[in-house]
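The next block is protein-v9.pdb, given as PDB, C-alpha atoms and all ligand atoms.
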ATOM      1  CA  MET A   1       0.000   0.000   0.000
ATOM      2  CA  THR A   2       1.057   3.558  -0.658
ATOM      3  CA  ALA A   3      -0.514   6.892   0.209
ATOM      4  CA  HIS A   4      -2.621   6.750  -2.971
ATOM      5  CA  ILE A   5      -2.802   3.082  -4.038
ATOM      6  CA  ARG A   6      -4.256   0.355  -1.826
ATOM      7  CA  ALA A   7      -3.045  -2.602  -3.949
ATOM      8  CA  ARG A   8      -0.782  -5.123  -2.232
ATOM      9  CA  LYS A   9       2.662  -5.791  -3.698
ATOM     10  CA  GLY A  10       2.194  -8.268  -6.513
ATOM     11  CA  GLN A  11      -1.261  -6.950  -7.448
ATOM     12  CA  ILE A  12       0.186  -4.451  -9.959
ATOM     13  CA  ALA A  13       1.624  -5.742 -13.247
ATOM     14  CA  GLU A  14       4.930  -4.661 -14.769
ATOM     15  CA  THR A  15       2.879  -3.295 -17.696
ATOM     16  CA  VAL A  16       0.496  -0.462 -16.821
ATOM     17  CA  LEU A  17      -1.876   1.382 -19.154
ATOM     18  CA  MET A  18      -2.748   4.835 -17.808
ATOM     19  CA  PRO A  19      -5.809   6.774 -18.968
ATOM     20  CA  GLY A  20      -6.473  10.114 -17.302
ATOM     21  CA  ASP A  21     -10.084   9.134 -16.675
ATOM     22  CA  PRO A  22     -10.630   6.452 -13.991
ATOM     23  CA  LEU A  23     -13.891   5.428 -15.676
ATOM     24  CA  ARG A  24     -11.980   4.833 -18.927
ATOM     25  CA  ALA A  25      -9.721   2.538 -16.869
ATOM     26  CA  LYS A  26     -12.815   0.617 -15.712
ATOM     27  CA  TRP A  27     -14.266   0.396 -19.216
ATOM     28  CA  ALA A  28     -10.954  -0.695 -20.767
ATOM     29  CA  ALA A  29     -10.351  -3.324 -18.083
ATOM     30  CA  GLU A  30     -13.867  -4.721 -18.432
ATOM     31  CA  THR A  31     -13.690  -4.657 -22.236
ATOM     32  CA  PHE A  32     -10.167  -5.921 -22.946
ATOM     33  CA  LEU A  33      -8.889  -7.839 -19.890
ATOM     34  CA  ARG A  34      -9.839 -11.278 -18.592
ATOM     35  CA  ASN A  35     -10.529 -11.695 -14.867
ATOM     36  CA  ALA A  36     -10.057  -7.969 -14.234
ATOM     37  CA  GLU A  37      -9.840  -7.311 -10.505
ATOM     38  CA  LEU A  38     -10.188  -3.909  -8.845
ATOM     39  CA  VAL A  39      -6.848  -3.224  -7.130
ATOM     40  CA  ASN A  40      -7.242   0.466  -6.299
ATOM     41  CA  ASP A  41     -10.031   2.885  -5.553
ATOM     42  CA  VAL A  42      -8.357   5.312  -3.154
ATOM     43  CA  ARG A  43      -9.794   8.809  -3.830
ATOM     44  CA  GLY A  44     -11.926   7.222  -6.577
ATOM     45  CA  MET A  45      -8.857   6.615  -8.746
ATOM     46  CA  LEU A  46      -9.554   3.190 -10.192
ATOM     47  CA  GLY A  47      -6.970   0.554 -11.023
ATOM     48  CA  PHE A  48      -7.612  -2.960 -12.341
ATOM     49  CA  THR A  49      -5.321  -5.924 -12.971
ATOM     50  CA  GLY A  50      -6.192  -8.767 -15.324
ATOM     51  CA  THR A  51      -4.766 -10.562 -18.320
ATOM     52  CA  TRP A  52      -4.652  -9.838 -22.031
ATOM     53  CA  GLN A  53      -3.707 -12.754 -24.260
ATOM     54  CA  GLY A  54      -2.168 -14.430 -21.201
ATOM     55  CA  ASN A  55      -0.096 -11.373 -20.214
ATOM     56  CA  VAL A  56      -0.719  -9.645 -16.872
ATOM     57  CA  VAL A  57      -1.697  -5.992 -17.272
ATOM     58  CA  THR A  58      -2.798  -3.212 -14.935
ATOM     59  CA  ILE A  59      -4.989  -0.369 -16.179
ATOM     60  CA  HIS A  60      -4.796   2.509 -13.712
ATOM     61  CA  GLY A  61      -6.084   6.078 -13.954
ATOM     62  CA  SER A  62      -3.596   8.940 -13.788
ATOM     63  CA  GLY A  63      -6.012  11.781 -13.142
ATOM     64  CA  MET A  64      -5.775  14.992 -15.149
ATOM     65  CA  GLY A  65      -2.566  16.959 -15.394
ATOM     66  CA  MET A  66       1.090  16.174 -14.776
ATOM     67  CA  PRO A  67       1.115  16.630 -10.959
ATOM     68  CA  SER A  68      -1.597  13.969 -10.632
ATOM     69  CA  LEU A  69       0.051  11.578 -13.100
ATOM     70  CA  SER A  70       3.365  12.102 -11.293
ATOM     71  CA  ILE A  71       1.930  10.788  -8.006
ATOM     72  CA  TYR A  72       0.559   7.580  -9.538
ATOM     73  CA  ALA A  73       3.438   6.903 -11.940
ATOM     74  CA  ASN A  74       6.023   7.462  -9.187
ATOM     75  CA  GLU A  75       4.263   5.014  -6.860
ATOM     76  CA  LEU A  76       3.633   2.450  -9.613
ATOM     77  CA  ILE A  77       7.308   2.533 -10.628
ATOM     78  CA  THR A  78       9.105   2.855  -7.308
ATOM     79  CA  GLN A  79       6.738   0.905  -5.008
ATOM     80  CA  TYR A  80       5.178  -1.673  -7.342
ATOM     81  CA  GLY A  81       7.884  -2.276  -9.947
ATOM     82  CA  ALA A  82       6.057  -1.059 -13.068
ATOM     83  CA  LYS A  83       8.434  -1.168 -16.049
ATOM     84  CA  THR A  84       6.288  -0.314 -19.077
ATOM     85  CA  LEU A  85       3.828   2.582 -18.796
ATOM     86  CA  ILE A  86       1.583   3.523 -21.698
ATOM     87  CA  ARG A  87      -0.709   6.513 -21.454
ATOM     88  CA  ILE A  88      -4.024   6.047 -23.276
ATOM     89  CA  GLY A  89      -5.467   9.532 -23.467
ATOM     90  CA  SER A  90      -7.682  11.970 -25.286
ATOM     91  CA  THR A  91      -6.114  14.908 -27.091
ATOM     92  CA  GLY A  92      -6.894  18.105 -28.986
ATOM     93  CA  ALA A  93      -5.634  18.198 -32.598
ATOM     94  CA  MET A  94      -3.479  21.183 -33.638
ATOM     95  CA  GLN A  95      -2.973  20.369 -37.341
ATOM     96  CA  SER A  96      -5.532  20.392 -40.155
ATOM     97  CA  HIS A  97      -4.442  17.006 -41.533
ATOM     98  CA  VAL A  98      -5.224  15.401 -38.154
ATOM     99  CA  LYS A  99      -8.912  14.463 -37.912
ATOM    100  CA  MET A 100     -11.334  13.660 -35.099
ATOM    101  CA  ARG A 101     -10.800  10.127 -33.667
ATOM    102  CA  ASP A 102      -7.409   9.739 -35.378
ATOM    103  CA  VAL A 103      -4.719   8.059 -33.283
ATOM    104  CA  ILE A 104      -1.530   9.927 -32.357
ATOM    105  CA  LEU A 105       1.672   8.277 -31.129
ATOM    106  CA  ALA A 106       3.669  10.873 -29.211
ATOM    107  CA  GLN A 107       7.287  10.652 -30.278
ATOM    108  CA  THR A 108       8.178  13.685 -28.120
ATOM    109  CA  ALA A 109       6.283  15.809 -25.617
ATOM    110  CA  SER A 110       7.072  19.532 -25.397
ATOM    111  CA  SER A 111       5.928  21.628 -22.454
ATOM    112  CA  ILE A 112       6.420  25.010 -20.826
ATOM    113  CA  SER A 113       6.784  23.291 -17.443
ATOM    114  CA  THR A 114       6.465  19.884 -15.808
ATOM    115  CA  PRO A 115       6.708  18.687 -12.192
ATOM    116  CA  SER A 116      10.333  17.834 -13.114
ATOM    117  CA  SER A 117      11.230  21.415 -14.089
ATOM    118  CA  GLY A 118      12.611  22.037 -10.592
ATOM    119  CA  ILE A 119      14.783  18.927 -10.926
ATOM    120  CA  PHE A 120      16.133  19.691 -14.399
ATOM    121  CA  ARG A 121      16.562  23.402 -13.535
ATOM    122  CA  GLU A 122      18.558  24.987 -16.380
ATOM    123  CA  VAL A 123      18.384  21.860 -18.558
ATOM    124  CA  ASN A 124      15.787  21.732 -21.339
ATOM    125  CA  PHE A 125      15.417  17.962 -21.125
ATOM    126  CA  ALA A 126      13.748  16.452 -24.219
ATOM    127  CA  PRO A 127      11.100  13.940 -23.099
ATOM    128  CA  CYS A 128      10.685  11.223 -25.717
ATOM    129  CA  ALA A 129       8.928   7.894 -26.163
ATOM    130  CA  ASP A 130      10.584   4.492 -25.987
ATOM    131  CA  PHE A 131      11.468   3.652 -29.583
ATOM    132  CA  GLY A 132      10.596  -0.052 -29.311
ATOM    133  CA  LEU A 133       7.108   0.753 -28.010
ATOM    134  CA  LEU A 134       6.669   3.487 -30.588
ATOM    135  CA  ARG A 135       7.626   1.213 -33.475
ATOM    136  CA  ALA A 136       5.433  -1.627 -32.216
ATOM    137  CA  ALA A 137       2.472   0.717 -31.711
ATOM    138  CA  TYR A 138       2.888   2.104 -35.213
ATOM    139  CA  ASP A 139       2.975  -1.407 -36.673
ATOM    140  CA  ALA A 140      -0.132  -2.355 -34.674
ATOM    141  CA  ALA A 141      -1.994   0.759 -35.834
ATOM    142  CA  GLN A 142      -1.038   0.122 -39.458
ATOM    143  CA  ALA A 143      -2.181  -3.501 -39.225
ATOM    144  CA  LYS A 144      -5.559  -2.356 -37.883
ATOM    145  CA  GLY A 145      -5.972   0.260 -40.582
ATOM    146  CA  SER A 146      -6.225   3.048 -38.002
ATOM    147  CA  ALA A 147      -5.587   6.614 -39.115
ATOM    148  CA  VAL A 148      -2.358   7.133 -37.186
ATOM    149  CA  HIS A 149       0.110  10.021 -36.883
ATOM    150  CA  VAL A 150       3.554   9.951 -35.252
ATOM    151  CA  GLY A 151       5.231  13.141 -34.054
ATOM    152  CA  GLY A 152       5.592  15.744 -31.343
ATOM    153  CA  ILE A 153       2.791  16.681 -28.986
ATOM    154  CA  TYR A 154       2.385  19.466 -26.411
ATOM    155  CA  SER A 155       1.775  18.603 -22.749
ATOM    156  CA  SER A 156       0.021  21.654 -21.332
ATOM    157  CA  ASP A 157      -0.612  22.557 -17.693
ATOM    158  CA  VAL A 158      -4.015  24.007 -18.547
ATOM    159  CA  PHE A 159      -7.081  22.871 -20.449
ATOM    160  CA  TYR A 160      -8.507  26.402 -20.652
ATOM    161  CA  ASP A 161      -5.633  28.309 -22.238
ATOM    162  CA  GLU A 162      -5.467  32.115 -22.089
ATOM    163  CA  ARG A 163      -2.441  32.148 -24.457
ATOM    164  CA  PRO A 164      -3.675  31.528 -28.015
ATOM    165  CA  ASP A 165      -0.196  32.559 -29.230
ATOM    166  CA  LEU A 166       1.267  29.455 -27.560
ATOM    167  CA  ASN A 167      -1.082  27.102 -29.387
ATOM    168  CA  GLU A 168      -0.414  28.965 -32.630
ATOM    169  CA  MET A 169       3.339  28.575 -32.125
ATOM    170  CA  MET A 170       2.961  24.846 -31.430
ATOM    171  CA  THR A 171       0.923  24.454 -34.625
ATOM    172  CA  ARG A 172       3.550  26.400 -36.576
ATOM    173  CA  HIS A 173       6.249  24.042 -35.281
ATOM    174  CA  GLY A 174       4.373  20.942 -36.427
ATOM    175  CA  ILE A 175       3.098  19.813 -33.020
ATOM    176  CA  LEU A 176       0.257  17.383 -33.713
ATOM    177  CA  ALA A 177      -1.915  17.805 -30.637
ATOM    178  CA  VAL A 178      -2.218  18.959 -27.034
ATOM    179  CA  GLU A 179      -2.842  16.938 -23.890
ATOM    180  CA  MET A 180      -1.766  17.238 -20.253
ATOM    181  CA  GLU A 181       0.351  14.302 -19.010
ATOM    182  CA  ALA A 182       2.784  12.717 -21.483
ATOM    183  CA  ALA A 183       5.844  14.939 -20.877
ATOM    184  CA  GLU A 184       6.034  14.032 -17.207
ATOM    185  CA  LEU A 185       5.397  10.355 -17.931
ATOM    186  CA  TYR A 186       8.374  10.425 -20.303
ATOM    187  CA  ASN A 187      10.490  12.305 -17.737
ATOM    188  CA  LEU A 188       9.737   9.720 -15.055
ATOM    189  CA  ALA A 189      10.385   6.798 -17.395
ATOM    190  CA  ALA A 190      13.786   8.267 -18.289
ATOM    191  CA  ARG A 191      14.646   8.845 -14.618
ATOM    192  CA  HIS A 192      13.743   5.320 -13.556
ATOM    193  CA  GLY A 193      14.841   3.331 -16.609
ATOM    194  CA  CYS A 194      11.310   2.400 -17.711
ATOM    195  CA  ARG A 195       9.652   2.281 -21.128
ATOM    196  CA  ALA A 196       6.903   4.811 -21.838
ATOM    197  CA  LEU A 197       4.638   5.831 -24.688
ATOM    198  CA  ALA A 198       1.527   7.979 -25.079
ATOM    199  CA  VAL A 199      -1.126   6.630 -27.445
ATOM    200  CA  LEU A 200      -3.796   9.299 -27.901
ATOM    201  CA  THR A 201      -7.161   9.645 -29.625
ATOM    202  CA  VAL A 202      -8.318  12.982 -30.996
ATOM    203  CA  SER A 203     -11.362  14.078 -28.988
ATOM    204  CA  ASP A 204     -11.239  17.798 -29.819
ATOM    205  CA  HIS A 205     -10.005  19.873 -32.717
ATOM    206  CA  LEU A 206      -8.472  23.215 -31.853
ATOM    207  CA  LEU A 207      -8.643  24.453 -35.470
ATOM    208  CA  THR A 208     -12.229  23.421 -36.242
ATOM    209  CA  GLY A 209     -13.827  23.592 -32.782
ATOM    210  CA  GLU A 210     -15.172  20.022 -33.033
ATOM    211  CA  GLU A 211     -15.459  18.077 -29.755
ATOM    212  CA  LEU A 212     -16.688  14.663 -28.632
ATOM    213  CA  PRO A 213     -19.130  14.249 -25.728
ATOM    214  CA  ALA A 214     -17.879  12.980 -22.335
ATOM    215  CA  SER A 215     -19.416   9.539 -22.880
ATOM    216  CA  ASP A 216     -17.282   8.975 -26.013
ATOM    217  CA  ARG A 217     -14.115  10.002 -24.148
ATOM    218  CA  GLN A 218     -14.954   7.402 -21.506
ATOM    219  CA  THR A 219     -15.854   4.394 -23.617
ATOM    220  CA  SER A 220     -15.217   4.678 -27.354
ATOM    221  CA  PHE A 221     -11.443   4.642 -27.793
ATOM    222  CA  GLY A 222     -11.003   0.904 -28.345
ATOM    223  CA  ASP A 223      -8.386   1.124 -31.115
ATOM    224  CA  MET A 224      -6.094   3.105 -28.845
ATOM    225  CA  VAL A 225      -6.335   0.485 -26.082
ATOM    226  CA  GLU A 226      -5.657  -2.408 -28.460
ATOM    227  CA  ILE A 227      -2.711  -0.589 -30.020
ATOM    228  CA  ALA A 228      -1.242   0.021 -26.549
ATOM    229  CA  LEU A 229      -1.704  -3.631 -25.527
ATOM    230  CA  GLU A 230      -0.208  -4.942 -28.750
ATOM    231  CA  ALA A 231       2.791  -2.594 -28.425
ATOM    232  CA  ALA A 232       3.405  -3.559 -24.806
ATOM    233  CA  PHE A 233       3.699  -7.253 -25.626
ATOM    234  CA  ALA A 234       5.155  -7.145 -29.162
TER
HETATM  235  O1  LIG B 301      -8.571  11.832 -21.544
HETATM  236  P1  LIG B 301      -7.378  12.007 -20.649
HETATM  237  O2  LIG B 301      -6.529  10.789 -20.628
HETATM  238  O3  LIG B 301      -7.760  12.457 -19.255
HETATM  239  O4  LIG B 301      -6.461  13.173 -21.290
HETATM  240  C1  LIG B 301      -6.858  14.491 -21.612
HETATM  241  O5  LIG B 301      -8.133  14.837 -21.112
HETATM  242  C2  LIG B 301      -8.007  15.655 -19.931
HETATM  243  C3  LIG B 301      -8.638  16.994 -20.203
HETATM  244  O6  LIG B 301      -9.960  16.857 -20.582
HETATM  245  C4  LIG B 301      -6.508  15.752 -19.647
HETATM  246  O7  LIG B 301      -6.165  14.762 -18.712
HETATM  247  C5  LIG B 301      -5.925  15.530 -21.015
HETATM  248  O8  LIG B 301      -4.587  15.110 -21.057
HETATM  249  O1  LIG B 302      -5.655  18.535 -23.031
HETATM  250  C1  LIG B 302      -6.550  18.315 -23.865
HETATM  251  C2  LIG B 302      -7.149  17.054 -24.010
HETATM  252  C3  LIG B 302      -8.128  16.876 -24.935
HETATM  253  N1  LIG B 302      -8.503  17.932 -25.680
HETATM  254  C4  LIG B 302      -7.936  19.138 -25.547
HETATM  255  O2  LIG B 302      -8.320  20.076 -26.225
HETATM  256  N2  LIG B 302      -6.979  19.317 -24.636
END

Using structure tokens, write down the structure that the file contains.
Ligand SMILES: O=P(O)(O)O[C@H]1O[C@H](CO)[C@@H](O)[C@H]1O
Ligand SMILES: O=c1cc[nH]c(=O)[nH]1
Amino acid sequence: MTAHIRARKGQIAETVLMPGDPLRAKWAAETFLRNAELVNDVRGMLGFTGTWQGNVVTIHGSGMGMPSLSIYANELITQYGAKTLIRIGSTGAMQSHVKMRDVILAQTASSISTPSSGIFREVNFAPCADFGLLRAAYDAAQAKGSAVHVGGIYSSDVFYDERPDLNEMMTRHGILAVEMEAAELYNLAARHGCRALAVLTVSDHLLTGEELPASDRQTSFGDMVEIALEAAFA
């Protein structure tokens, strides 16, 4: 047990999928895992462990934003021995060739700050995905026929941004989409020698104003979950 996770040692798998939304964790566990067992519900943050094609997997919510993800990812890595962490999140597209419900594999995650900024201090560390996971996820997405994009994303500290110039600059520099957790997940994976990847589904479009309802964000991103599972065990 930790301050935020009630699972016993051994109840968390080495491979952990992390959606921001705890109810997406529940849906994904019930939909894709066999014998999924609830292993955490402290503060309503749900975690489940079960098997996928004979492999043990945990699906655990991260909450929204990098400070929240940092708590869960730190405890999963340092207290429970997680080695492969794949974020399965929603994202807002920042390029016109990226369409609603497309899948994005985050090769890098830019930010203006992360919970690790105080650790890196003057260093502009470049958070990046594990190449093996990235390649396997791309192959899995191609095999499925998913519309998939690979490139840089922006991990923002805010959902409601008062700096339209920042988004415009990200778009101008080819950033595919914005979300709120991947940069710190990549930082933590680098620090602790783990593998990490963010597999995202476009739920909003910053250029067109399109957006999906909350129910779709919770339960309709099946391709993303399958791509993450296939990459983890490729
Ligand atoms: O759908 P999730 O995984 O929560 O991800 C995105 O959605 C939340 C904002 O609505 C942020 O957590 C952002 O990163
Ligand atoms: O951070 C996020 C996540 C989804 N959609 C957005 O517009 N922003």

Query raised in the report: For the file shown, what are the residues hit by the PyMOL selection byres (((not hetatm)) within 7 of (chain B and resi 302)), laid out as a list in words?
Result: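 Checked against the file, the PyMOL selection byres (((not hetatm)) within 7 of (chain B and resi 302)) matches Ser90, Thr91, Gly92, Ser156, Phe159, Val178, Glu179, Met180, Ser203, Asp204, His205 and Leu206 of chain A.
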
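You will find atom CA of A:Lys26 at 24.2 Å from atom CA of A:Ser155.
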
Report task. May I have the protein, DNA and RNA residues with an atom at most 10 Å from (-0.4, 5.7, -2.0), counting only C-alpha atoms in the file's coordinates, returned as a list of chain:residue names? Result ->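 Neighbouring residues, ordered by chain and number, come to A:Met1, A:Thr2, A:Ala3, A:His4, A:Ile5, A:Arg6, A:Ala7, A:Asn40, A:Val42, A:Ile71, A:Tyr72, A:Asn74, A:Glu75, A:Leu76, A:Gln79.
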
Query raised in the report: In Å to one decimal, how far is atom CA of A:Tyr154 from atom CA of A:Met100?
Result: 17.2 Å

Query raised in the report: For ligand LIG 301 (chain B), which of A:Glu184, A:Asp41, A:Glu30, A:Glu162 is the closest residue, counting only C-alpha atoms and all ligand atoms?
Result: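 Among the listed residues, the smallest separation from ligand LIG 301 (chain B) belongs to A:Glu184.
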